[in-house]
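Text of query-v4.txt (compact mmCIF, C-alpha atoms and all ligand atoms) as supplied:
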# COMPACT_ATOMS: atom_id res chain seq x y z
CA MET Z 1 24.38 28.71 34.13
CA ARG Z 2 22.81 25.46 35.24
CA ILE Z 3 25.01 22.75 36.65
CA LEU Z 4 24.25 19.14 37.40
CA SER Z 5 26.71 17.87 39.99
CA ILE Z 6 27.67 14.38 41.09
CA GLU Z 7 29.37 13.31 44.33
CA THR Z 8 30.50 9.73 45.02
CA SER Z 9 33.85 10.15 46.78
CA CYS Z 10 32.97 8.30 49.96
CA ASP Z 11 29.74 6.94 51.39
CA GLU Z 12 27.16 9.39 50.08
CA THR Z 13 25.73 9.17 46.58
CA ALA Z 14 24.48 12.63 45.70
CA ILE Z 15 23.30 14.62 42.69
CA ALA Z 16 22.24 18.26 42.68
CA ILE Z 17 21.01 20.65 40.02
CA VAL Z 18 21.98 24.21 40.76
CA GLU Z 19 21.38 27.44 38.89
CA ALA Z 20 24.33 29.76 39.28
CA ALA Z 21 24.97 33.34 38.26
CA GLY Z 22 27.50 36.08 38.90
CA ASP Z 23 31.22 35.98 39.28
CA GLU Z 24 33.94 35.80 41.89
CA GLN Z 25 32.90 39.13 43.40
CA ALA Z 26 29.36 37.96 43.95
CA ALA Z 27 27.78 34.67 42.95
CA GLN Z 28 24.23 33.52 43.58
CA PHE Z 29 23.01 29.97 43.56
CA ARG Z 30 19.57 28.43 43.53
CA VAL Z 31 19.22 24.76 44.32
CA LEU Z 32 16.69 23.33 41.87
CA GLY Z 33 17.07 19.71 42.81
CA ASN Z 34 19.08 17.86 45.41
CA ALA Z 35 19.00 14.13 46.08
CA LEU Z 36 21.22 12.06 48.32
CA ILE Z 37 21.45 8.51 49.56
CA SER Z 38 23.69 7.86 52.53
CA GLN Z 39 25.29 4.45 52.83
CA ILE Z 40 25.97 4.89 56.54
CA ASP Z 41 23.62 2.12 57.60
CA ILE Z 42 25.32 -0.30 55.23
CA HIS Z 43 28.86 0.51 56.35
CA LYS Z 44 27.91 0.60 60.03
CA GLU Z 45 28.16 -3.17 60.20
CA TYR Z 46 31.80 -2.98 59.16
CA GLY Z 47 32.66 -0.11 61.47
CA GLY Z 48 33.91 1.98 58.57
CA VAL Z 49 33.57 2.55 54.85
CA PHE Z 50 34.18 -0.58 52.85
CA PRO Z 51 35.40 0.57 49.40
CA ALA Z 52 34.10 -2.33 47.27
CA LEU Z 53 30.70 -2.00 48.88
CA ALA Z 54 30.67 1.78 48.49
CA LYS Z 55 31.39 1.40 44.78
CA ARG Z 56 28.58 -1.13 44.32
CA GLU Z 57 26.10 1.04 46.20
CA HIS Z 58 27.00 4.15 44.18
CA ALA Z 59 26.42 2.19 40.98
CA LYS Z 60 23.03 1.03 42.25
CA ASN Z 61 21.98 4.45 43.51
CA LEU Z 62 23.09 6.84 40.78
CA VAL Z 63 20.18 6.38 38.38
CA PRO Z 64 17.43 6.64 41.06
CA ILE Z 65 19.20 9.67 42.53
CA LEU Z 66 19.43 11.30 39.10
CA GLU Z 67 15.73 10.70 38.54
CA ALA Z 68 14.86 12.20 41.94
CA ALA Z 69 17.02 15.28 41.36
CA LEU Z 70 15.59 15.88 37.87
CA GLU Z 71 12.09 15.40 39.14
CA GLU Z 72 12.56 17.86 41.96
CA ALA Z 73 14.00 20.35 39.48
CA GLU Z 74 10.95 19.76 37.27
CA MET Z 75 13.22 18.72 34.44
CA LEU Z 76 11.87 15.25 33.95
CA ARG Z 77 10.23 14.77 30.54
CA GLU Z 78 9.79 11.53 28.68
CA ASP Z 79 11.47 11.36 25.31
CA THR Z 80 13.09 8.39 23.66
CA GLN Z 81 16.67 9.21 22.70
CA ALA Z 82 17.82 8.35 19.21
CA TRP Z 83 21.49 7.74 19.94
CA SER Z 84 23.70 6.36 17.21
CA GLU Z 85 25.00 2.84 17.56
CA GLU Z 86 28.43 4.33 18.17
CA THR Z 87 27.24 6.52 21.06
CA ARG Z 88 25.40 3.60 22.65
CA ASP Z 89 28.50 1.45 22.39
CA LYS Z 90 30.68 4.14 23.91
CA ILE Z 91 28.28 4.64 26.83
CA ALA Z 92 28.06 0.89 27.38
CA ALA Z 93 31.86 0.64 27.41
CA ILE Z 94 32.23 3.52 29.88
CA LEU Z 95 29.74 1.94 32.28
CA SER Z 96 30.79 -1.67 31.73
CA ARG Z 97 32.72 -1.98 35.00
CA GLU Z 98 29.62 -1.62 37.16
CA PRO Z 99 27.23 -4.54 36.72
CA GLY Z 100 23.76 -3.35 35.82
CA LEU Z 101 24.64 0.33 35.53
CA ALA Z 102 24.60 0.51 31.72
CA GLU Z 103 21.17 -1.19 31.63
CA ALA Z 104 19.74 1.16 34.25
CA PHE Z 105 21.26 4.12 32.39
CA PHE Z 106 19.73 3.15 29.03
CA ASP Z 107 16.35 2.44 30.68
CA PHE Z 108 16.20 5.83 32.27
CA VAL Z 109 18.44 8.30 30.45
CA GLY Z 110 17.51 6.71 27.12
CA GLU Z 111 13.87 7.53 27.80
CA CYS Z 112 14.06 11.12 29.02
CA GLU Z 113 14.69 14.45 27.42
CA PRO Z 114 18.17 15.91 28.01
CA PRO Z 115 17.68 18.46 30.82
CA ALA Z 116 18.32 22.16 30.27
CA ILE Z 117 21.72 22.25 31.95
CA ASP Z 118 24.98 23.81 30.76
CA ALA Z 119 27.57 21.62 32.39
CA ILE Z 120 28.11 18.51 34.50
CA ALA Z 121 30.39 18.79 37.55
CA VAL Z 122 31.77 15.67 39.16
CA THR Z 123 34.01 14.97 42.14
CA ALA Z 124 37.22 13.61 40.64
CA GLY Z 125 39.16 13.35 43.90
CA PRO Z 126 40.38 13.15 46.55
CA GLY Z 127 38.47 10.22 48.01
CA LEU Z 128 38.11 6.46 47.68
CA GLU Z 129 39.27 5.82 44.17
CA PRO Z 130 36.89 2.95 43.29
CA ALA Z 131 33.99 5.06 44.54
CA LEU Z 132 35.19 8.14 42.66
CA TRP Z 133 35.40 6.20 39.41
CA VAL Z 134 31.71 5.31 39.50
CA GLY Z 135 30.73 8.99 39.62
CA VAL Z 136 33.34 9.99 37.06
CA ASN Z 137 32.22 7.33 34.59
CA PHE Z 138 28.59 8.23 35.16
CA ALA Z 139 29.46 11.86 34.36
CA ARG Z 140 31.30 10.80 31.21
CA ALA Z 141 28.31 8.74 30.08
CA LEU Z 142 25.88 11.62 30.74
CA SER Z 143 28.20 13.98 28.91
CA LEU Z 144 28.07 11.77 25.83
CA ALA Z 145 24.35 11.20 26.09
CA TRP Z 146 23.45 14.85 26.58
CA GLN Z 147 26.36 16.47 24.74
CA LYS Z 148 27.29 18.61 27.75
CA PRO Z 149 30.79 19.48 28.95
CA VAL Z 150 32.18 18.09 32.21
CA VAL Z 151 34.24 19.81 34.89
CA ALA Z 152 36.36 17.81 37.31
CA VAL Z 153 35.87 19.11 40.84
CA ASN Z 154 38.27 18.76 43.73
CA HIS Z 155 36.21 17.53 46.67
CA MET Z 156 38.09 19.81 49.10
CA GLU Z 157 37.38 22.86 46.93
CA GLY Z 158 33.75 21.84 47.27
CA HIS Z 159 34.06 21.92 51.07
CA ILE Z 160 35.68 25.38 50.86
CA MET Z 161 32.90 26.76 48.66
CA ALA Z 162 30.23 25.30 50.95
CA ALA Z 163 31.86 27.18 53.82
CA LEU Z 164 32.12 30.43 51.88
CA ALA Z 165 28.46 30.26 50.89
CA SER Z 166 26.23 32.05 53.30
CA ARG Z 167 22.53 31.56 53.27
CA ASN Z 168 20.63 34.45 51.74
CA ASP Z 169 17.40 33.47 53.36
CA SER Z 170 16.75 32.60 56.96
CA GLU Z 171 17.86 29.36 58.50
CA LYS Z 172 14.31 28.05 58.45
CA SER Z 173 14.77 24.88 56.49
CA ASP Z 174 17.70 22.56 56.31
CA PHE Z 175 19.15 20.86 53.26
CA LYS Z 176 19.33 17.48 54.87
CA ASN Z 177 16.51 15.94 56.72
CA SER Z 178 17.70 14.23 59.81
CA LYS Z 179 16.22 11.07 58.36
CA LYS Z 180 19.14 9.94 56.23
CA SER Z 181 17.21 7.32 54.30
CA ASP Z 182 14.92 9.90 52.79
CA PHE Z 183 16.98 10.63 49.72
CA LEU Z 184 14.96 13.42 48.25
CA GLU Z 185 16.12 16.56 49.94
CA SER Z 186 13.53 19.23 50.58
CA SER Z 187 15.18 22.39 49.40
CA VAL Z 188 13.64 23.50 46.12
CA THR Z 189 13.65 27.18 46.96
CA ASP Z 190 16.91 27.31 48.85
CA ARG Z 191 19.32 30.02 47.84
CA LEU Z 192 22.99 30.42 48.54
CA GLY Z 193 25.44 33.19 47.84
CA ILE Z 194 29.19 33.65 47.85
CA LYS Z 195 30.10 37.30 47.99
CA ASP Z 196 32.35 39.87 49.65
CA VAL Z 197 35.06 37.32 50.28
CA LYS Z 198 38.07 39.03 51.83
CA MET Z 199 41.39 37.59 50.67
CA PRO Z 200 43.49 35.83 51.68
CA VAL Z 201 41.24 33.03 52.84
CA LEU Z 202 42.62 30.45 55.23
CA ALA Z 203 40.77 27.12 55.07
CA LEU Z 204 40.96 24.52 57.79
CA LEU Z 205 39.80 21.34 56.07
CA ILE Z 206 38.86 18.57 58.44
CA SER Z 207 37.21 15.40 57.22
CA GLY Z 208 37.47 11.64 57.36
CA GLY Z 209 40.41 11.62 54.97
CA HIS Z 210 41.92 15.09 55.36
CA THR Z 211 43.30 17.51 57.87
CA GLU Z 212 44.97 20.48 56.28
CA LEU Z 213 45.38 24.21 56.39
CA VAL Z 214 45.21 25.77 52.96
CA LEU Z 215 45.67 29.38 51.95
CA MET Z 216 43.74 30.91 49.05
CA GLU Z 217 45.38 34.23 48.13
CA ASN Z 218 43.61 34.51 44.78
CA TRP Z 219 40.44 32.77 43.69
CA LEU Z 220 40.99 29.05 43.11
CA GLU Z 221 44.75 29.24 43.80
CA TYR Z 222 45.82 27.27 46.82
CA LYS Z 223 48.92 26.93 48.95
CA LEU Z 224 49.27 24.18 51.54
CA VAL Z 225 50.38 25.61 54.88
CA GLY Z 226 49.93 22.60 57.12
CA ARG Z 227 48.68 19.05 57.11
CA THR Z 228 48.43 15.98 59.25
CA LEU Z 229 51.50 13.80 59.33
CA ASP Z 230 49.43 10.70 60.08
CA ASP Z 231 45.67 10.33 60.78
CA ALA Z 232 42.98 12.75 59.68
CA VAL Z 233 40.84 14.28 62.45
CA GLY Z 234 37.67 12.52 61.30
CA GLU Z 235 39.55 9.25 61.19
CA ALA Z 236 40.74 9.81 64.78
CA PHE Z 237 37.16 10.57 65.86
CA ASP Z 238 35.95 7.42 64.12
CA LYS Z 239 38.67 5.25 65.68
CA VAL Z 240 38.13 6.59 69.17
CA ALA Z 241 34.41 6.01 68.74
CA ARG Z 242 35.10 2.44 67.84
CA MET Z 243 37.27 1.96 70.93
CA LEU Z 244 34.42 3.33 73.02
CA GLY Z 245 32.05 0.88 71.39
CA LEU Z 246 30.17 3.55 69.45
CA PRO Z 247 28.81 3.03 65.93
CA TYR Z 248 30.22 4.44 62.67
CA PRO Z 249 30.53 7.30 61.79
CA GLY Z 250 31.97 8.03 65.18
CA GLY Z 251 32.44 11.80 65.04
CA PRO Z 252 28.89 12.75 65.96
CA GLU Z 253 28.74 9.97 68.56
CA VAL Z 254 31.92 11.04 70.38
CA SER Z 255 30.70 14.60 70.22
CA ARG Z 256 27.34 13.62 71.72
CA LEU Z 257 29.04 11.92 74.67
CA ALA Z 258 31.30 14.92 75.26
CA GLU Z 259 28.33 17.27 75.15
CA GLN Z 260 26.49 15.18 77.72
CA LEU Z 261 29.32 15.81 80.14
CA ARG Z 262 29.45 19.53 79.33
CA GLU Z 263 25.74 19.78 79.99
CA SER Z 264 26.18 18.22 83.41
CA GLU Z 265 27.13 20.55 86.22
CA SER Z 266 30.74 19.53 86.64
CA VAL Z 267 32.31 20.84 83.45
CA LYS Z 268 32.14 24.46 82.42
CA SER Z 269 35.51 25.87 81.42
CA ASP Z 270 35.63 24.70 77.85
CA PHE Z 271 37.08 27.71 76.09
CA LYS Z 272 40.30 27.61 78.03
CA MET Z 273 43.32 25.87 76.67
CA HIS Z 274 44.30 23.09 79.01
CA SER Z 275 47.69 21.51 78.81
CA ARG Z 276 45.97 18.50 80.26
CA SER Z 277 42.56 17.54 81.49
CA LEU Z 278 41.30 19.42 84.50
CA THR Z 279 38.17 17.44 84.83
CA SER Z 280 39.07 13.82 85.20
CA GLY Z 281 41.83 11.34 85.60
CA PHE Z 282 41.73 10.82 81.88
CA ALA Z 283 44.37 13.23 80.66
CA LEU Z 284 45.27 13.13 76.98
CA PRO Z 285 48.14 14.84 75.13
CA ARG Z 286 47.81 17.77 72.71
CA PRO Z 287 50.17 16.46 70.03
CA MET Z 288 52.49 18.98 68.35
CA ILE Z 289 50.62 21.89 69.91
CA ASN Z 290 53.77 23.87 70.57
CA ASP Z 291 55.94 22.99 67.61
CA ALA Z 292 56.84 25.64 65.10
CA THR Z 293 54.93 24.27 62.11
CA CYS Z 294 51.28 24.25 61.13
CA ASN Z 295 51.29 20.47 60.83
CA PHE Z 296 49.23 18.08 62.88
CA SER Z 297 49.49 14.57 64.26
CA PHE Z 298 46.59 12.61 65.67
CA SER Z 299 47.77 9.02 65.79
CA GLY Z 300 49.48 9.49 69.20
CA LEU Z 301 46.26 10.87 70.62
CA LYS Z 302 44.38 7.86 69.39
CA THR Z 303 47.01 5.55 70.95
CA ALA Z 304 46.76 7.48 74.21
CA VAL Z 305 43.02 6.79 74.27
CA LEU Z 306 43.70 3.12 73.65
CA THR Z 307 46.18 3.03 76.55
CA LEU Z 308 43.63 4.63 78.86
CA LEU Z 309 41.03 2.09 77.84
CA LYS Z 310 43.41 -0.80 78.38
CA LYS Z 311 44.10 0.44 81.90
CA ASN Z 312 40.38 0.71 82.59
CA PRO Z 313 38.68 -2.11 80.72
CA GLU Z 314 35.36 -1.82 82.56
CA MET Z 315 34.32 1.74 81.94
CA SER Z 316 31.09 3.32 83.01
CA ASN Z 317 29.20 5.57 80.66
CA GLN Z 318 30.32 8.54 82.67
CA GLU Z 319 33.94 7.58 82.29
CA LYS Z 320 33.41 7.23 78.56
CA GLN Z 321 31.93 10.72 78.56
CA HIS Z 322 35.11 11.97 80.21
CA ILE Z 323 37.28 10.34 77.57
CA ALA Z 324 35.15 11.67 74.72
CA HIS Z 325 35.19 15.12 76.29
CA GLU Z 326 38.95 15.12 76.85
CA PHE Z 327 39.56 13.79 73.34
CA GLU Z 328 37.34 16.43 71.75
CA ASN Z 329 39.03 19.16 73.78
CA ALA Z 330 42.49 17.94 72.82
CA VAL Z 331 41.63 17.85 69.12
CA THR Z 332 39.94 21.24 69.20
CA GLU Z 333 42.79 22.93 71.04
CA VAL Z 334 45.39 21.58 68.61
CA LEU Z 335 43.27 22.58 65.61
CA TRP Z 336 42.82 26.06 67.01
CA LYS Z 337 46.48 26.58 67.94
CA LYS Z 338 47.68 25.65 64.47
CA THR Z 339 44.98 27.71 62.82
CA GLU Z 340 45.88 30.71 64.97
CA ARG Z 341 49.52 30.31 63.95
CA ALA Z 342 48.58 30.09 60.27
CA LEU Z 343 46.34 33.16 60.59
CA GLU Z 344 49.22 35.14 62.08
CA ASP Z 345 51.74 33.92 59.51
CA SER Z 346 49.51 34.52 56.50
CA GLY Z 347 47.61 37.63 57.46
CA ALA Z 348 44.44 35.89 56.28
CA GLN Z 349 41.30 38.02 56.51
CA THR Z 350 38.82 35.19 56.26
CA LEU Z 351 38.82 31.85 58.02
CA VAL Z 352 36.72 28.97 56.76
CA ILE Z 353 36.32 25.52 58.23
CA GLY Z 354 35.15 22.82 55.86
CA GLY Z 355 34.74 19.05 55.76
CA GLY Z 356 32.62 16.64 57.75
CA VAL Z 357 34.25 17.39 61.11
CA SER Z 358 33.26 21.05 60.75
CA ALA Z 359 29.79 19.86 61.77
CA ASN Z 360 31.22 19.42 65.27
CA THR Z 361 29.41 21.72 67.69
CA HIS Z 362 32.27 22.14 70.09
CA ILE Z 363 34.82 22.99 67.39
CA ARG Z 364 32.43 25.55 65.89
CA ARG Z 365 31.76 27.17 69.26
CA PHE Z 366 35.38 27.12 70.35
CA PHE Z 367 36.65 28.70 67.13
CA ARG Z 368 33.95 31.37 67.19
CA GLU Z 369 34.85 32.27 70.75
CA ARG Z 370 38.61 32.27 70.24
CA LEU Z 371 38.39 34.28 67.02
CA ASP Z 372 36.20 36.89 68.67
CA THR Z 373 38.72 37.27 71.48
CA THR Z 374 42.03 36.97 69.67
CA CYS Z 375 41.46 38.09 66.07
CA PRO Z 376 38.08 39.83 65.79
CA ALA Z 377 38.97 41.35 62.40
CA VAL Z 378 39.06 37.93 60.75
CA GLU Z 379 35.77 36.98 59.17
CA PHE Z 380 34.65 33.47 60.05
CA ARG Z 381 32.62 31.36 57.62
CA ILE Z 382 31.42 27.86 58.37
CA PRO Z 383 29.01 25.77 56.33
CA SER Z 384 25.48 25.28 57.58
CA ALA Z 385 25.32 21.95 59.40
CA ALA Z 386 23.68 20.33 56.39
CA LEU Z 387 26.38 21.49 53.99
CA SER Z 388 29.30 20.40 56.18
CA THR Z 389 29.20 16.72 55.39
CA ASP Z 390 29.49 15.39 51.85
CA ASN Z 391 26.81 16.58 49.44
CA ALA Z 392 26.47 17.44 45.76
CA ILE Z 393 25.54 21.11 46.23
CA MET Z 394 29.10 21.95 47.22
CA ILE Z 395 30.34 20.21 44.07
CA ALA Z 396 28.02 22.37 41.98
CA LEU Z 397 29.33 25.53 43.68
CA ALA Z 398 32.97 24.64 42.98
CA GLY Z 399 31.98 23.39 39.52
CA PHE Z 400 30.48 26.78 38.71
CA TYR Z 401 33.75 28.64 39.30
CA ARG Z 402 35.60 26.10 37.16
CA ALA Z 403 32.96 26.09 34.41
CA ARG Z 404 32.99 29.91 34.24
CA ARG Z 405 36.66 29.61 33.40
CA GLU Z 406 35.79 26.94 30.86
CA GLU Z 407 38.01 24.44 32.59
CA PHE Z 408 36.30 21.49 30.97
CA SER Z 409 37.94 18.09 30.99
CA ALA Z 410 38.11 16.03 27.86
CA ASP Z 411 39.80 13.06 29.50
CA LEU Z 412 38.37 12.86 32.96
CA ILE Z 413 40.05 10.62 35.52
CA ALA Z 414 39.42 9.86 39.18
CA ASN Z 415 42.37 10.44 41.45
CA GLY Z 416 42.10 9.42 45.09
CA ASN Z 417 45.00 11.72 46.01
CA ARG Z 418 44.09 14.78 43.96
CA SER Z 419 45.49 17.81 45.75
CA LEU Z 420 44.42 21.44 45.81
CA SER Z 421 47.81 23.03 45.35
O1 LIG G 501 33.70 15.35 54.68
P1 LIG G 501 33.09 14.07 55.14
O2 LIG G 501 31.59 13.96 55.14
O3 LIG G 501 33.65 12.88 54.31
C1 LIG G 501 34.98 12.84 53.91
O4 LIG G 501 35.29 13.49 52.88
O5 LIG G 501 35.77 12.20 54.66
O6 LIG G 501 33.66 13.79 56.61
C2 LIG G 501 33.30 12.63 57.32
C3 LIG G 501 33.97 12.65 58.67
C4 LIG G 501 33.80 11.35 59.46
O7 LIG G 501 35.07 10.97 59.97
C5 LIG G 501 32.86 11.76 60.58
O8 LIG G 501 33.05 11.02 61.77
C6 LIG G 501 33.23 13.21 60.78
O9 LIG G 501 33.42 13.69 59.48
N1 LIG G 501 32.16 13.95 61.45
C7 LIG G 501 32.31 14.51 62.67
C8 LIG G 501 31.06 15.09 62.98
N2 LIG G 501 30.20 14.87 61.93
C9 LIG G 501 30.90 14.18 61.00
N3 LIG G 501 33.35 14.56 63.49
C10 LIG G 501 33.20 15.19 64.67
N4 LIG G 501 32.02 15.75 65.06
C11 LIG G 501 30.95 15.73 64.25
N5 LIG G 501 29.80 16.30 64.65
ZN ZN G 502 34.22 15.41 52.41

Could you render the structure from this file as structure tokens?
Ligand code: KG4
Ligand code: ZN
Amino acid sequence: MRILSIETSCDETAIAIVEAAGDEQAAQFRVLGNALISQIDIHKEYGGVFPALAKREHAKNLVPILEAALEEAEMLREDTQAWSEETRDKIAAILSREPGLAEAFFDFVGECEPPAIDAIAVTAGPGLEPALWVGVNFARALSLAWQKPVVAVNHMEGHIMAALASRNDSEKSDFKNSKKSDFLESSVTDRLGIKDVKMPVLALLISGGHTELVLMENWLEYKLVGRTLDDAVGEAFDKVARMLGLPYPGGPEVSRLAEQLRESESVKSDFKMHSRSLTSGFALPRPMINDATCNFSFSGLKTAVLTLLKKNPEMSNQEKQHIAHEFENAVTEVLWKKTERALEDSGAQTLVIGGGVSANTHIRRFFRERLDTTCPAVEFRIPSAALSTDNAIMIALAGFYRARREEFSADLIANGNRSLS
């Protein structure tokens, strides 16, 4: 089965074409085409994602991204489409909210042969609703134009599948070039597989908008076991970065500062749980670490950073490193403690971490180390660095499982709060 997938939930516009085979016991995937444009440079100026701007950029980028993905998949053939007046009108109406999108669509899609795909998968939530709608409407228009069914994909299910997928080949090439502006991803021969998944699976989902622990006892059936009561982890990283004067997105920046300190001689004991900082005068709390639930809270931690900064307005780079380091440790320890509790409560046999924050080096290392020491029987799956942040490949993976079950959507809607359970 060939799937064309579309992701526009936040600040990445991405389309992938993936060939998928197998079933829930063992599935194989081959990425035929994969194109992505990141809007990070545009949103940087605003210190965060600006929804109206994200929506406009998605609308501008979708057609060029589609062309790039089709070209990479060698599916680009010129052929003027003879759509009926009615079909044209319907497509124009679907795309009418984005200025210029219908014109670009007719210019390109109207002049190329429908590709040999079986289904279209699109992120239908959660995410920024105006941004989601652009992708959803684009999928609806393509579905009409090509007469292909559409599956609505939950973005978080995409993150889970990306984590479950292990590379079949070596780690030689990466999906994403470090150069974000280069929107054609070099991955034509890349293969992924999802197999031998031991149930139940516990998923720690950590991104800019989400922090939750979800249990999958049967394929595609989810139970929420814990969630943040206020800020998401990625959001906390981004806010702390801003306080430290670092650019958006702040997660990697805070992490870089913290790593600088770890690399210096003074700080070694990172795998220990500290009730407070041992390394500096910049102690931060570990919110809710000892309460009896699997819920999280990060807004107090963020406020604690703000208080520290107010007390020390003129901070040196080294002091900033200490704050970043202490913040990252606090977050990681809380995430681990709650995950450990959920593992014990659920008897999960597999742990996955998904979402943008799962790219964090320290979190990955810490979890690996703690799991090996405290629950070595639990299998740990994390996405390759390139698949941790938003991309369309993960949407194709999740879309495959839904399409196999013929869960096609006739009336597709974007829902910013779509939940897994
Ligand atoms: O999943 P994602 O790409 O988009 C959402 O669905 O939100 O996650 C983006 C979030 C941002 O908050 C970003 O700062 C964070 O993931 N992030 C990181 C790292 N890389 C990305 N946070 C901590 N450390 C990182 N290395
Ligand atoms: Zn995401």

| message | Using Å and a single decimal, report how far CA of Met243 in chain Z sits from CA of Leu306 in chain Z. | response |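 CA of Met243 in chain Z lies 7.1 Å from CA of Leu306 in chain Z.
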
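Here the question is which of Z:Gly347, Z:Gly399, Z:Gly33, Z:Gly22 gets nearest to Ala377 in chain Z using all atoms listed in the file, and that residue is Z:Gly347.
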
| said: Env of Ile353 in chain Z: 6 Å cut, atoms = all atoms listed in the file, seq-sep filter 6 positions within chain, self excluded. Answer as a ChimeraX atom specification. | reply: /Z:203-205,382

With 8 Å on each side, where is the centre of the axis-aligned box around all listed atoms of ligand LIG 501 (chain G), and how long are its edges in Å to one decimal, as JSON?
{"center_x": 32.8, "center_y": 13.6, "center_z": 59.0, "size_x": 22.0, "size_y": 21.3, "size_z": 28.2}

| message | Could you list, as a PyMOL selection string, all protein and nucleic acid residues with an atom at most 8 Å from ligand LIG 501 (chain G), counting all atoms listed in the file? | response | chain Z and resi 9-11+127+155-156+159+206-210+233-238+248-256+354-361+388-391

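Shell of range 73-80 of chain Z at 9 Å, with all atoms listed in the file counted and residues fewer than 3 places along the chain excluded, is Ile17, Val18, Val31, Leu32, Gly33, Asn34, Glu67, Ala68, Ala69, Leu70, Val109, Gly110, Glu111, Cys112, Glu113, Pro114, Pro115, Ala116 and Val188 of chain Z.
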
| note | Across Z:Ala342, Z:Ala241, Z:Leu215, Z:Ile393, the smallest distance to Glu328 in chain Z, with all atoms listed in the file counted, is shown by Z:Ala241

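Straight-line separation from CA of Phe327 in chain Z to CA of Leu202 in chain Z: 24.8 Å.
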
| For ligand ZN 502 (chain G), the nearest of the candidates Z:Leu284, Z:Phe106, Z:Ser421, Z:Glu7, counting only C-alpha atoms and all ligand atoms |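 Smallest separation from ligand ZN 502 (chain G) among the options: Z:Glu7.
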
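Among the candidate residues Z:Leu420, Z:Ala54, Z:Val201, Z:Ala14, the one lying nearest to Ile37 in chain Z is Z:Ala14, with distances computed using only C-alpha atoms.
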
| Between Z:Pro383, Z:Gly226, Z:Gly158, Z:Pro285, which is the closest to Ala398 in chain Z once you count only C-alpha atoms? |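 Selected residue with least distance to Ala398 in chain Z: Z:Gly158.
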
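Of the listed residues (Z:Glu407, Z:Glu157, Z:Asp89, Z:Glu319), Z:Glu157 comes nearest to ligand ZN 502 (chain G); the distances count only C-alpha atoms and all ligand atoms.
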
| request: Calculate how many Å separate CA of Pro99 in chain Z from CA of Val134 in chain Z, rounding to one decimal. | output: 11.2 Å

| task | Quick one: everything within 10 Å of Gly135 in chain Z, counting only C-alpha atoms, minus sequence neighbours fewer than 3 positions away in the same chain. Send it as a ChimeraX atom specification. | result | /Z:5-9,13-15,55,58-59,62,122-124,130-132,138-141,414

Could you please take those selected residues and save C-alpha atoms as a PDB file, keeping the file's coordinate frame?
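See part03.pdb below for the written result:
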ATOM      1  CA  SER Z   5      26.710  17.870  39.990  1.00  0.00           C
ATOM      2  CA  ILE Z   6      27.670  14.380  41.090  1.00  0.00           C
ATOM      3  CA  GLU Z   7      29.370  13.310  44.330  1.00  0.00           C
ATOM      4  CA  THR Z   8      30.500   9.730  45.020  1.00  0.00           C
ATOM      5  CA  SER Z   9      33.850  10.150  46.780  1.00  0.00           C
ATOM      6  CA  THR Z  13      25.730   9.170  46.580  1.00  0.00           C
ATOM      7  CA  ALA Z  14      24.480  12.630  45.700  1.00  0.00           C
ATOM      8  CA  ILE Z  15      23.300  14.620  42.690  1.00  0.00           C
ATOM      9  CA  LYS Z  55      31.390   1.400  44.780  1.00  0.00           C
ATOM     10  CA  HIS Z  58      27.000   4.150  44.180  1.00  0.00           C
ATOM     11  CA  ALA Z  59      26.420   2.190  40.980  1.00  0.00           C
ATOM     12  CA  LEU Z  62      23.090   6.840  40.780  1.00  0.00           C
ATOM     13  CA  VAL Z 122      31.770  15.670  39.160  1.00  0.00           C
ATOM     14  CA  THR Z 123      34.010  14.970  42.140  1.00  0.00           C
ATOM     15  CA  ALA Z 124      37.220  13.610  40.640  1.00  0.00           C
ATOM     16  CA  PRO Z 130      36.890   2.950  43.290  1.00  0.00           C
ATOM     17  CA  ALA Z 131      33.990   5.060  44.540  1.00  0.00           C
ATOM     18  CA  LEU Z 132      35.190   8.140  42.660  1.00  0.00           C
ATOM     19  CA  PHE Z 138      28.590   8.230  35.160  1.00  0.00           C
ATOM     20  CA  ALA Z 139      29.460  11.860  34.360  1.00  0.00           C
ATOM     21  CA  ARG Z 140      31.300  10.800  31.210  1.00  0.00           C
ATOM     22  CA  ALA Z 141      28.310   8.740  30.080  1.00  0.00           C
ATOM     23  CA  ALA Z 414      39.420   9.860  39.180  1.00  0.00           C
TER      24      ALA Z 414
END

| query | If you count all atoms listed in the file, which residues fall within 8 Å of Ala20 in chain Z, apart from same-chain ones fewer than 4 positions away, as a PyMOL selection string? | reply | chain Z and resi 1-3+27-30+397+400

| Thr332 in chain Z: which residues within 6 Å, counting only C-alpha atoms, same-chain residues fewer than 3 positions away excluded, as a ChimeraX atom specification? | /Z:329,335,363
